[in-house]
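Text of the file structure.pdb, holding PDB, C-alpha atoms, pLDDT in the B column:
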```pdb
ATOM      1  CA  MET A1216       0.000   0.000   0.000  1.00 60.00           C
ATOM      2  CA  ARG A1217       1.089   3.554  -0.662  1.00 66.00           C
ATOM      3  CA  PRO A1218       1.832   5.702   2.425  1.00 61.00           C
ATOM      4  CA  ASP A1219      -1.240   7.844   1.719  1.00 67.00           C
ATOM      5  CA  GLN A1220      -3.464   4.758   1.915  1.00 72.00           C
ATOM      6  CA  LEU A1221      -2.486   4.315   5.560  1.00 83.00           C
ATOM      7  CA  VAL A1222      -4.132   6.418   8.234  1.00 92.00           C
ATOM      8  CA  VAL A1223      -3.713   7.054  11.951  1.00 96.00           C
ATOM      9  CA  VAL A1224      -7.024   7.943  13.584  1.00 97.00           C
ATOM     10  CA  PHE A1225      -6.840   9.906  16.829  1.00 98.00           C
ATOM     11  CA  ASP A1226      -9.489  10.491  19.422  1.00 97.00           C
ATOM     12  CA  TRP A1227      -9.274  14.084  20.709  1.00 97.00           C
ATOM     13  CA  ASN A1228     -10.382  14.542  24.328  1.00 96.00           C
ATOM     14  CA  GLY A1229      -8.038  12.825  26.747  1.00 97.00           C
ATOM     15  CA  THR A1230      -5.928  11.416  23.906  1.00 98.00           C
ATOM     16  CA  LEU A1231      -4.235  14.377  22.240  1.00 98.00           C
ATOM     17  CA  ILE A1232      -5.441  17.117  24.574  1.00 97.00           C
ATOM     18  CA  ASN A1233      -4.924  16.799  28.318  1.00 97.00           C
ATOM     19  CA  ASP A1234      -8.441  17.783  29.383  1.00 97.00           C
ATOM     20  CA  THR A1235      -9.686  14.902  31.546  1.00 97.00           C
ATOM     21  CA  TRP A1236      -9.372  17.102  34.633  1.00 98.00           C
ATOM     22  CA  LEU A1237     -11.634  19.623  32.911  1.00 98.00           C
ATOM     23  CA  THR A1238     -14.307  17.174  31.743  1.00 97.00           C
ATOM     24  CA  TRP A1239     -14.357  15.705  35.280  1.00 98.00           C
ATOM     25  CA  ARG A1240     -14.833  19.190  36.702  1.00 98.00           C
ATOM     26  CA  ALA A1241     -17.698  19.893  34.294  1.00 97.00           C
ATOM     27  CA  VAL A1242     -19.398  16.581  35.111  1.00 97.00           C
ATOM     28  CA  ASN A1243     -19.171  17.341  38.833  1.00 98.00           C
ATOM     29  CA  GLU A1244     -20.879  20.682  38.248  1.00 97.00           C
ATOM     30  CA  ILE A1245     -23.686  18.863  36.429  1.00 97.00           C
ATOM     31  CA  LEU A1246     -24.087  16.245  39.165  1.00 97.00           C
ATOM     32  CA  VAL A1247     -24.274  18.792  41.971  1.00 97.00           C
ATOM     33  CA  THR A1248     -26.649  21.066  40.051  1.00 96.00           C
ATOM     34  CA  LEU A1249     -29.040  18.177  39.385  1.00 95.00           C
ATOM     35  CA  GLY A1250     -29.051  16.950  42.978  1.00 94.00           C
ATOM     36  CA  GLY A1251     -26.291  14.370  42.822  1.00 94.00           C
ATOM     37  CA  ARG A1252     -22.962  14.158  44.623  1.00 95.00           C
ATOM     38  CA  ALA A1253     -19.544  15.302  43.481  1.00 96.00           C
ATOM     39  CA  ILE A1254     -17.162  12.458  42.650  1.00 97.00           C
ATOM     40  CA  SER A1255     -13.415  11.940  42.589  1.00 97.00           C
ATOM     41  CA  GLU A1256     -11.481  11.887  39.329  1.00 96.00           C
ATOM     42  CA  GLU A1257     -10.935   8.162  39.874  1.00 96.00           C
ATOM     43  CA  GLN A1258     -14.698   7.620  40.149  1.00 97.00           C
ATOM     44  CA  TYR A1259     -15.216   9.631  36.968  1.00 97.00           C
ATOM     45  CA  LYS A1260     -12.713   7.497  35.089  1.00 97.00           C
ATOM     46  CA  ALA A1261     -14.350   4.318  36.378  1.00 96.00           C
ATOM     47  CA  ALA A1262     -17.802   5.476  35.220  1.00 96.00           C
ATOM     48  CA  TYR A1263     -16.861   7.029  31.880  1.00 95.00           C
ATOM     49  CA  ARG A1264     -18.646   5.502  28.888  1.00 90.00           C
ATOM     50  CA  MET A1265     -20.655   6.345  25.805  1.00 86.00           C
ATOM     51  CA  PRO A1266     -23.431   7.233  25.282  1.00 87.00           C
ATOM     52  CA  LEU A1267     -23.362   9.841  28.029  1.00 88.00           C
ATOM     53  CA  LYS A1268     -26.760   8.859  29.402  1.00 91.00           C
ATOM     54  CA  ALA A1269     -25.262   5.561  30.569  1.00 92.00           C
ATOM     55  CA  MET A1270     -22.458   7.366  32.371  1.00 93.00           C
ATOM     56  CA  TYR A1271     -24.766   9.797  34.170  1.00 94.00           C
ATOM     57  CA  GLN A1272     -27.004   6.945  35.271  1.00 94.00           C
ATOM     58  CA  GLU A1273     -23.937   5.114  36.579  1.00 93.00           C
ATOM     59  CA  LEU A1274     -23.121   8.273  38.556  1.00 95.00           C
ATOM     60  CA  GLY A1275     -26.522   8.324  40.234  1.00 94.00           C
ATOM     61  CA  LEU A1276     -28.801  10.499  38.096  1.00 93.00           C
ATOM     62  CA  SER A1277     -32.134   8.998  37.130  1.00 93.00           C
ATOM     63  CA  ARG A1278     -33.095   8.502  33.516  1.00 91.00           C
ATOM     64  CA  ARG A1279     -36.006  10.904  34.038  1.00 93.00           C
ATOM     65  CA  ILE A1280     -33.742  13.675  35.375  1.00 94.00           C
ATOM     66  CA  ILE A1281     -31.278  13.205  32.528  1.00 92.00           C
ATOM     67  CA  GLU A1282     -33.972  13.383  29.863  1.00 90.00           C
ATOM     68  CA  GLU A1283     -35.839  16.309  31.441  1.00 93.00           C
ATOM     69  CA  GLN A1284     -32.665  18.317  32.092  1.00 93.00           C
ATOM     70  CA  GLU A1285     -30.726  17.493  28.939  1.00 91.00           C
ATOM     71  CA  GLU A1286     -30.472  21.148  27.893  1.00 91.00           C
ATOM     72  CA  ILE A1287     -29.117  22.058  31.333  1.00 94.00           C
ATOM     73  CA  VAL A1288     -26.572  19.236  31.183  1.00 93.00           C
ATOM     74  CA  PHE A1289     -25.092  20.482  27.916  1.00 91.00           C
ATOM     75  CA  LYS A1290     -25.221  24.125  28.950  1.00 94.00           C
ATOM     76  CA  ILE A1291     -23.337  23.488  32.199  1.00 96.00           C
ATOM     77  CA  PHE A1292     -20.776  21.275  30.485  1.00 95.00           C
ATOM     78  CA  GLY A1293     -20.222  23.829  27.728  1.00 93.00           C
ATOM     79  CA  ASP A1294     -19.941  26.777  30.123  1.00 96.00           C
ATOM     80  CA  VAL A1295     -17.426  25.053  32.410  1.00 97.00           C
ATOM     81  CA  TYR A1296     -15.399  23.562  29.573  1.00 96.00           C
ATOM     82  CA  GLN A1297     -15.171  26.740  27.525  1.00 96.00           C
ATOM     83  CA  SER A1298     -14.242  28.836  30.564  1.00 97.00           C
ATOM     84  CA  LEU A1299     -11.134  26.734  31.237  1.00 98.00           C
ATOM     85  CA  VAL A1300     -10.139  25.045  27.973  1.00 98.00           C
ATOM     86  CA  HIS A1301      -7.474  27.721  27.416  1.00 97.00           C
ATOM     87  CA  LYS A1302      -5.587  26.152  30.350  1.00 98.00           C
ATOM     88  CA  THR A1303      -5.361  22.716  28.750  1.00 98.00           C
ATOM     89  CA  THR A1304      -2.140  21.362  27.270  1.00 98.00           C
ATOM     90  CA  LEU A1305      -1.240  18.678  24.771  1.00 97.00           C
ATOM     91  CA  HIS A1306      -0.286  15.260  26.066  1.00 96.00           C
ATOM     92  CA  GLU A1307       3.394  14.399  25.985  1.00 94.00           C
ATOM     93  CA  GLY A1308       4.455  13.006  22.635  1.00 95.00           C
ATOM     94  CA  THR A1309       1.649  14.611  20.628  1.00 96.00           C
ATOM     95  CA  ARG A1310       3.767  17.014  18.578  1.00 96.00           C
ATOM     96  CA  GLU A1311       6.522  14.470  18.012  1.00 96.00           C
ATOM     97  CA  THR A1312       4.023  11.872  16.804  1.00 96.00           C
ATOM     98  CA  LEU A1313       2.285  14.254  14.404  1.00 96.00           C
ATOM     99  CA  HIS A1314       5.610  15.467  13.026  1.00 95.00           C
ATOM    100  CA  TYR A1315       6.667  11.852  12.442  1.00 93.00           C
ATOM    101  CA  LEU A1316       3.415  11.040  10.624  1.00 92.00           C
ATOM    102  CA  LYS A1317       3.767  14.056   8.369  1.00 91.00           C
ATOM    103  CA  LYS A1318       7.307  13.054   7.486  1.00 90.00           C
ATOM    104  CA  GLN A1319       6.167   9.502   6.694  1.00 89.00           C
ATOM    105  CA  GLU A1320       3.355  10.891   4.478  1.00 88.00           C
ATOM    106  CA  HIS A1321       0.622   8.948   6.251  1.00 87.00           C
ATOM    107  CA  LYS A1322      -2.816  10.450   6.701  1.00 90.00           C
ATOM    108  CA  SER A1323      -3.926  11.658  10.133  1.00 95.00           C
ATOM    109  CA  LEU A1324      -7.491  12.143  11.327  1.00 96.00           C
ATOM    110  CA  ILE A1325      -9.250  13.305  14.440  1.00 97.00           C
ATOM    111  CA  LEU A1326     -12.343  11.199  15.153  1.00 96.00           C
ATOM    112  CA  SER A1327     -14.276  12.644  18.061  1.00 94.00           C
ATOM    113  CA  ASN A1328     -17.649  12.897  19.788  1.00 91.00           C
ATOM    114  CA  HIS A1329     -16.760  16.483  20.683  1.00 92.00           C
ATOM    115  CA  ASN A1330     -17.927  19.677  18.995  1.00 90.00           C
ATOM    116  CA  ARG A1331     -15.954  20.204  15.758  1.00 93.00           C
ATOM    117  CA  PRO A1332     -15.659  24.028  16.015  1.00 94.00           C
ATOM    118  CA  CYS A1333     -14.299  23.638  19.568  1.00 95.00           C
ATOM    119  CA  ILE A1334     -11.649  21.195  18.373  1.00 97.00           C
ATOM    120  CA  GLU A1335     -10.687  23.429  15.466  1.00 97.00           C
ATOM    121  CA  ARG A1336     -10.224  26.414  17.777  1.00 97.00           C
ATOM    122  CA  GLN A1337      -7.860  24.413  19.971  1.00 98.00           C
ATOM    123  CA  LEU A1338      -5.923  23.070  16.985  1.00 98.00           C
ATOM    124  CA  LYS A1339      -5.376  26.672  15.944  1.00 98.00           C
ATOM    125  CA  ARG A1340      -4.293  27.613  19.478  1.00 98.00           C
ATOM    126  CA  PHE A1341      -1.726  24.807  19.482  1.00 98.00           C
ATOM    127  CA  GLY A1342      -0.649  25.449  15.878  1.00 97.00           C
ATOM    128  CA  LEU A1343      -1.632  21.948  14.729  1.00 97.00           C
ATOM    129  CA  GLU A1344      -4.112  22.712  11.919  1.00 94.00           C
ATOM    130  CA  THR A1345      -1.824  21.469   9.141  1.00 95.00           C
ATOM    131  CA  TYR A1346      -1.159  18.071  10.719  1.00 96.00           C
ATOM    132  CA  PHE A1347      -4.611  16.589  10.107  1.00 97.00           C
ATOM    133  CA  ASP A1348      -6.314  15.655   6.868  1.00 94.00           C
ATOM    134  CA  GLU A1349      -9.717  16.128   8.470  1.00 95.00           C
ATOM    135  CA  VAL A1350     -11.547  16.572  11.778  1.00 96.00           C
ATOM    136  CA  LEU A1351     -14.447  14.110  11.950  1.00 95.00           C
ATOM    137  CA  ALA A1352     -16.595  15.360  14.828  1.00 92.00           C
ATOM    138  CA  ASN A1353     -20.039  16.658  15.692  1.00 88.00           C
ATOM    139  CA  ALA A1354     -21.393  19.853  14.241  1.00 84.00           C
ATOM    140  CA  PRO A1355     -22.983  22.097  16.902  1.00 77.00           C
ATOM    141  CA  ASP A1356     -26.476  20.902  15.985  1.00 73.00           C
ATOM    142  CA  GLU A1357     -25.390  17.233  16.254  1.00 68.00           C
ATOM    143  CA  TYR A1358     -23.480  17.456  19.514  1.00 62.00           C
ATOM    144  CA  LYS A1359     -26.363  16.537  21.808  1.00 63.00           C
ATOM    145  CA  ASN A1360     -26.772  13.185  20.057  1.00 66.00           C
ATOM    146  CA  ILE A1361     -23.960  11.802  22.233  1.00 66.00           C
ATOM    147  CA  MET A1362     -26.341  11.723  25.193  1.00 71.00           C
ATOM    148  CA  HIS A1363     -28.179   8.830  23.565  1.00 63.00           C
ATOM    149  CA  LYS A1364     -25.799   7.187  21.101  1.00 66.00           C
ATOM    150  CA  ALA A1365     -22.158   6.890  20.128  1.00 64.00           C
ATOM    151  CA  GLY A1366     -21.981   7.339  16.377  1.00 68.00           C
ATOM    152  CA  LYS A1367     -18.511   8.452  15.413  1.00 81.00           C
ATOM    153  CA  LYS A1368     -17.736   5.092  13.776  1.00 80.00           C
ATOM    154  CA  ASP A1369     -20.173   5.982  10.978  1.00 83.00           C
ATOM    155  CA  ARG A1370     -18.131   9.087  10.130  1.00 87.00           C
ATOM    156  CA  LEU A1371     -14.979   7.031   9.859  1.00 91.00           C
ATOM    157  CA  ASP A1372     -16.678   4.397   7.668  1.00 89.00           C
ATOM    158  CA  ASP A1373     -17.715   7.064   5.181  1.00 88.00           C
ATOM    159  CA  TRP A1374     -14.305   8.766   5.186  1.00 90.00           C
ATOM    160  CA  LEU A1375     -12.388   5.526   4.590  1.00 89.00           C
ATOM    161  CA  LYS A1376     -14.577   4.679   1.593  1.00 86.00           C
ATOM    162  CA  ARG A1377     -14.148   8.124   0.065  1.00 89.00           C
ATOM    163  CA  HIS A1378     -10.371   8.235   0.534  1.00 87.00           C
ATOM    164  CA  LYS A1379      -9.600   4.570  -0.203  1.00 83.00           C
ATOM    165  CA  CYS A1380      -7.557   3.960   2.940  1.00 80.00           C
ATOM    166  CA  TYR A1381      -7.011   0.272   3.621  1.00 77.00           C
ATOM    167  CA  GLY A1382      -4.735   0.199   6.648  1.00 84.00           C
ATOM    168  CA  GLY A1383      -5.050   2.039   9.905  1.00 92.00           C
ATOM    169  CA  ILE A1384      -4.151   2.595  13.524  1.00 96.00           C
ATOM    170  CA  VAL A1385      -6.756   3.907  15.957  1.00 97.00           C
ATOM    171  CA  VAL A1386      -5.481   5.749  19.034  1.00 98.00           C
ATOM    172  CA  GLY A1387      -7.804   6.542  21.911  1.00 97.00           C
ATOM    173  CA  ASP A1388      -8.402   6.560  25.644  1.00 97.00           C
ATOM    174  CA  SER A1389     -11.616   4.522  25.834  1.00 96.00           C
ATOM    175  CA  PRO A1390     -13.069   1.155  24.734  1.00 95.00           C
ATOM    176  CA  GLU A1391     -15.048   2.935  22.011  1.00 94.00           C
ATOM    177  CA  GLU A1392     -11.895   3.504  19.934  1.00 96.00           C
ATOM    178  CA  MET A1393     -10.705  -0.074  20.527  1.00 96.00           C
ATOM    179  CA  ASP A1394     -14.043  -1.379  19.206  1.00 95.00           C
ATOM    180  CA  ILE A1395     -13.783   0.840  16.126  1.00 95.00           C
ATOM    181  CA  ALA A1396     -10.293  -0.480  15.394  1.00 95.00           C
ATOM    182  CA  LEU A1397     -11.468  -4.078  15.795  1.00 95.00           C
ATOM    183  CA  GLN A1398     -14.415  -3.585  13.444  1.00 92.00           C
ATOM    184  CA  HIS A1399     -12.102  -2.260  10.722  1.00 92.00           C
ATOM    185  CA  GLY A1400      -9.275  -4.720  11.278  1.00 92.00           C
ATOM    186  CA  PHE A1401      -7.014  -1.824  12.304  1.00 95.00           C
ATOM    187  CA  THR A1402      -4.338  -1.791  14.990  1.00 96.00           C
ATOM    188  CA  SER A1403      -5.590  -0.370  18.306  1.00 97.00           C
ATOM    189  CA  VAL A1404      -3.541   1.744  20.708  1.00 98.00           C
ATOM    190  CA  ALA A1405      -5.043   2.586  24.107  1.00 98.00           C
ATOM    191  CA  VAL A1406      -3.639   5.560  26.017  1.00 97.00           C
ATOM    192  CA  GLU A1407      -3.772   5.467  29.827  1.00 96.00           C
ATOM    193  CA  SER A1408      -3.446   9.209  30.326  1.00 92.00           C
ATOM    194  CA  GLY A1409      -7.069   9.977  29.394  1.00 95.00           C
ATOM    195  CA  CYS A1410     -10.553   9.403  30.762  1.00 95.00           C
ATOM    196  CA  CYS A1411     -10.555   5.661  31.526  1.00 97.00           C
ATOM    197  CA  LEU A1412      -8.867   3.486  34.118  1.00 97.00           C
ATOM    198  CA  ARG A1413      -6.141   1.099  33.017  1.00 97.00           C
ATOM    199  CA  GLU A1414      -8.278  -1.925  33.900  1.00 97.00           C
ATOM    200  CA  THR A1415     -11.111  -0.621  31.702  1.00 97.00           C
ATOM    201  CA  LEU A1416      -8.707  -0.334  28.783  1.00 97.00           C
ATOM    202  CA  GLU A1417      -7.226  -3.765  29.464  1.00 97.00           C
ATOM    203  CA  ARG A1418     -10.690  -5.320  29.225  1.00 97.00           C
ATOM    204  CA  ALA A1419     -11.031  -3.781  25.745  1.00 96.00           C
ATOM    205  CA  LYS A1420      -7.958  -5.821  24.675  1.00 97.00           C
ATOM    206  CA  PRO A1421      -6.038  -3.211  22.655  1.00 98.00           C
ATOM    207  CA  ASP A1422      -3.063  -4.278  20.568  1.00 97.00           C
ATOM    208  CA  TRP A1423      -0.965  -1.761  22.487  1.00 98.00           C
ATOM    209  CA  LEU A1424      -1.526  -0.127  25.882  1.00 98.00           C
ATOM    210  CA  VAL A1425       0.711   2.867  26.573  1.00 97.00           C
ATOM    211  CA  LYS A1426       0.951   5.466  29.335  1.00 94.00           C
ATOM    212  CA  ASP A1427       1.179   8.394  26.898  1.00 93.00           C
ATOM    213  CA  LEU A1428       1.888   9.135  23.245  1.00 96.00           C
ATOM    214  CA  LYS A1429       5.676   9.116  23.472  1.00 96.00           C
ATOM    215  CA  PRO A1430       6.010   5.495  22.220  1.00 96.00           C
ATOM    216  CA  LEU A1431       3.624   6.081  19.299  1.00 96.00           C
ATOM    217  CA  PRO A1432       6.203   6.843  16.547  1.00 94.00           C
ATOM    218  CA  SER A1433       7.907   3.515  17.341  1.00 95.00           C
ATOM    219  CA  ILE A1434       4.543   1.712  17.234  1.00 95.00           C
ATOM    220  CA  ILE A1435       3.688   3.320  13.889  1.00 93.00           C
ATOM    221  CA  GLN A1436       7.091   2.312  12.528  1.00 91.00           C
ATOM    222  CA  HIS A1437       6.531  -1.241  13.770  1.00 91.00           C
ATOM    223  CA  VAL A1438       3.081  -1.471  12.110  1.00 90.00           C
ATOM    224  CA  TYR A1439       3.743   0.418   8.862  1.00 84.00           C
ATOM    225  CA  GLY A1440       7.507   0.254   8.418  1.00 79.00           C
ATOM    226  CA  GLU A1441       9.475   3.421   7.789  1.00 68.00           C
ATOM    227  CA  ARG A1442       9.573   5.426   4.584  1.00 62.00           C
ATOM    228  CA  HIS A1443      11.813   8.304   5.653  1.00 56.00           C
ATOM    229  CA  ALA A1444      14.338   8.537   8.467  1.00 51.00           C
ATOM    230  CA  PRO A1445      13.072  10.491  11.515  1.00 54.00           C
TER     231      PRO A1445
END
```

With the file now loaded, output its structure as C-alpha cells.
Amino acid sequence: MRPDQLVVVFDWNGTLINDTWLTWRAVNEILVTLGGRAISEEQYKAAYRMPLKAMYQELGLSRRIIEEQEEIVFKIFGDVYQSLVHKTTLHEGTRETLHYLKKQEHKSLILSNHNRPCIERQLKRFGLETYFDEVLANAPDEYKNIMHKAGKKDRLDDWLKRHKCYGGIVVGDSPEEMDIALQHGFTSVAVESGCCLRETLERAKPDWLVKDLKPLPSIIQHVYGERHAP
C-alpha cells in the first residue's frame, strides 16, 4: 500500500489534549446542580462511557432527570469547559508523533464525539491545523446526540470509503476507539493518560496499551515500516 493509503485515527479529548481534569470538573458541576454528589477523578474514570446517558445513570442520576434536564446538562458542560479550555495542554508526545506522521506521508485524522468548532479552535491555538487531513466530529447541531448514542464510527466508515484507505491505527483513551479499530481490522492503541482506568482499557484488549503518546512513533514504525528517516 502507498503511504497515503495508511491512516492514523486519533481520538481528541483525553488522547491528544490533556483535558480529563476539565471534563471531570464539568461533570461534577452537572451532578451537583441536578441533585447528585460530586465524585473523585478516579470515580469519573471508572464510570466514563458512551453514550453519556449511561455514564450519568452510573453516577446516580435517574433517567427521568437526565432526559428532562438534557439542555441544562449540555449548557453546564459547555460553560465550564469553555471557561477553562485555554488552560489545557497537549499530552506528551503529541507534537513528536504528528511530526513523524507528516514526514512519513501517512494520513492523520481526528475522530471525536466532541464539537468540531471547539476542536478546530484548539488546533489553531496549538498550531496543529496542518497536521490533520480532516476533523471528523459533531457539528454544533449534532453534539447533543452523544447523550443517547455513540456514532462516530459511521463518520470514519464514510471517510475511509471516500479516501480509499485500507490500513489504519486507531489511538484513543476509551473502549469505544478499541471497538472501532477491531471492526475495521485496524491496529488499536489505548492511552492510559485519558478518561478511563487502566483496567477498563485492558478489558477492551487493545493491541498496544501505553501510558502516553511518546512510544507512538515507534509503534507506527513497527506497524507500517518506515519510509523516511526520523

Please provide the set of residues having any atom within 9 Å of Glu1349 (chain A), restricted to all atoms listed in the file, with same-chain residues fewer than 5 positions apart removed, written as an MDAnalysis selection string.
chainID A and resid 1323:1326

Just-selected residues, C-alpha atoms written as a PDB file, keeping the file's coordinate frame:
```
ATOM      1  CA  SER A1323      -3.926  11.658  10.133  1.00 95.00           C
ATOM      2  CA  LEU A1324      -7.491  12.143  11.327  1.00 96.00           C
ATOM      3  CA  ILE A1325      -9.250  13.305  14.440  1.00 97.00           C
ATOM      4  CA  LEU A1326     -12.343  11.199  15.153  1.00 96.00           C
TER       5      LEU A1326
END
```

Just say which residues the PyMOL selection byres ((chain A and resi 1294) around 12) picks in this file, as a PyMOL selection string.
chain A and resi 1237-1238+1240-1242+1244-1245+1287-1293+1295-1300

For a test of reading the model, state the distance in Å between CA of Trp1423 (chain A) and CA of Lys1260 (chain A), rounded to one decimal.
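Those two atoms sit 19.6 Å apart.
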
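Taking CA of Asp1422 (chain A) as the reference point, CA of Pro1266 (chain A) is found at 23.9 Å.
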
Applying the PyMOL selection byres ((chain A and resi 1409-1416) around 8) to the file I just gave you, which residues come out? Please list them as an mmCIF file with C-alpha atoms, keeping the file's coordinate frame.
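Writing the result to selection_14.cif gives the following:
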```
data_model
loop_
_atom_site.group_PDB
_atom_site.id
_atom_site.type_symbol
_atom_site.label_atom_id
_atom_site.label_comp_id
_atom_site.auth_asym_id
_atom_site.auth_seq_id
_atom_site.Cartn_x
_atom_site.Cartn_y
_atom_site.Cartn_z
ATOM 1 C CA ASN A 1228 -10.382 14.542 24.328
ATOM 2 C CA GLY A 1229 -8.038 12.825 26.747
ATOM 3 C CA THR A 1230 -5.928 11.416 23.906
ATOM 4 C CA ASN A 1233 -4.924 16.799 28.318
ATOM 5 C CA ASP A 1234 -8.441 17.783 29.383
ATOM 6 C CA THR A 1235 -9.686 14.902 31.546
ATOM 7 C CA GLU A 1257 -10.935 8.162 39.874
ATOM 8 C CA TYR A 1259 -15.216 9.631 36.968
ATOM 9 C CA LYS A 1260 -12.713 7.497 35.089
ATOM 10 C CA ALA A 1261 -14.350 4.318 36.378
ATOM 11 C CA TYR A 1263 -16.861 7.029 31.880
ATOM 12 C CA ASP A 1388 -8.402 6.560 25.644
ATOM 13 C CA SER A 1389 -11.616 4.522 25.834
ATOM 14 C CA PRO A 1390 -13.069 1.155 24.734
ATOM 15 C CA ALA A 1405 -5.043 2.586 24.107
ATOM 16 C CA VAL A 1406 -3.639 5.560 26.017
ATOM 17 C CA GLU A 1407 -3.772 5.467 29.827
ATOM 18 C CA SER A 1408 -3.446 9.209 30.326
ATOM 19 C CA GLU A 1417 -7.226 -3.765 29.464
ATOM 20 C CA ARG A 1418 -10.690 -5.320 29.225
ATOM 21 C CA ALA A 1419 -11.031 -3.781 25.745
ATOM 22 C CA LYS A 1420 -7.958 -5.821 24.675
ATOM 23 C CA PRO A 1421 -6.038 -3.211 22.655
ATOM 24 C CA LEU A 1424 -1.526 -0.127 25.882
#
```

Could you tell me which of A:Val1386, A:Leu1249, A:Ile1232, A:Leu1338 comes closest to Val1350 (chain A) if we count all atoms listed in the file?
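Smallest separation from Val1350 (chain A) among the options: A:Leu1338.
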
Would you mind reading off the distance between CA of Pro1432 (chain A) and CA of Asp1373 (chain A), one decimal, in Å?
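That distance, rounded to one decimal, is 26.5 Å.
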
Evaluate the PyMOL selection byres ((chain A and resi 1220-1223) around 10) and report residues as a PyMOL selection string:
chain A and resi 1216-1219+1224-1225+1313+1316+1320-1325+1347-1348+1375+1378-1386+1401-1403+1435+1439

Quick one: write out the picked residues with C-alpha atoms as an mmCIF file, keeping the file's coordinate frame?
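Saved result, again-v4.cif, follows:
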```
data_model
loop_
_atom_site.group_PDB
_atom_site.id
_atom_site.type_symbol
_atom_site.label_atom_id
_atom_site.label_comp_id
_atom_site.auth_asym_id
_atom_site.auth_seq_id
_atom_site.Cartn_x
_atom_site.Cartn_y
_atom_site.Cartn_z
ATOM 1 C CA MET A 1216 0.000 0.000 0.000
ATOM 2 C CA ARG A 1217 1.089 3.554 -0.662
ATOM 3 C CA PRO A 1218 1.832 5.702 2.425
ATOM 4 C CA ASP A 1219 -1.240 7.844 1.719
ATOM 5 C CA VAL A 1224 -7.024 7.943 13.584
ATOM 6 C CA PHE A 1225 -6.840 9.906 16.829
ATOM 7 C CA LEU A 1313 2.285 14.254 14.404
ATOM 8 C CA LEU A 1316 3.415 11.040 10.624
ATOM 9 C CA GLU A 1320 3.355 10.891 4.478
ATOM 10 C CA HIS A 1321 0.622 8.948 6.251
ATOM 11 C CA LYS A 1322 -2.816 10.450 6.701
ATOM 12 C CA SER A 1323 -3.926 11.658 10.133
ATOM 13 C CA LEU A 1324 -7.491 12.143 11.327
ATOM 14 C CA ILE A 1325 -9.250 13.305 14.440
ATOM 15 C CA PHE A 1347 -4.611 16.589 10.107
ATOM 16 C CA ASP A 1348 -6.314 15.655 6.868
ATOM 17 C CA LEU A 1375 -12.388 5.526 4.590
ATOM 18 C CA HIS A 1378 -10.371 8.235 0.534
ATOM 19 C CA LYS A 1379 -9.600 4.570 -0.203
ATOM 20 C CA CYS A 1380 -7.557 3.960 2.940
ATOM 21 C CA TYR A 1381 -7.011 0.272 3.621
ATOM 22 C CA GLY A 1382 -4.735 0.199 6.648
ATOM 23 C CA GLY A 1383 -5.050 2.039 9.905
ATOM 24 C CA ILE A 1384 -4.151 2.595 13.524
ATOM 25 C CA VAL A 1385 -6.756 3.907 15.957
ATOM 26 C CA VAL A 1386 -5.481 5.749 19.034
ATOM 27 C CA PHE A 1401 -7.014 -1.824 12.304
ATOM 28 C CA THR A 1402 -4.338 -1.791 14.990
ATOM 29 C CA SER A 1403 -5.590 -0.370 18.306
ATOM 30 C CA ILE A 1435 3.688 3.320 13.889
ATOM 31 C CA TYR A 1439 3.743 0.418 8.862
#
```

Write out as a list in words the residues lying within 8 Å of His1329 (chain A), counting only C-alpha atoms and excluding same-chain residues fewer than 3 positions away.
Trp1227, Asn1228, Cys1333, Ile1334, Ala1352, Asn1353 and Tyr1358 of chain A

All residues 8 Å or closer to Gly1251 (chain A), all atoms listed in the file, same chain fewer than 4 positions away omitted, as a ChimeraX atom specification
/A:1246-1247,1275-1276

Which residue gives the smallest distance to Glu1286 (chain A) among A:Met1362, A:Ala1396, A:Ala1354, A:Leu1428, with all atoms listed in the file counted?
A:Met1362
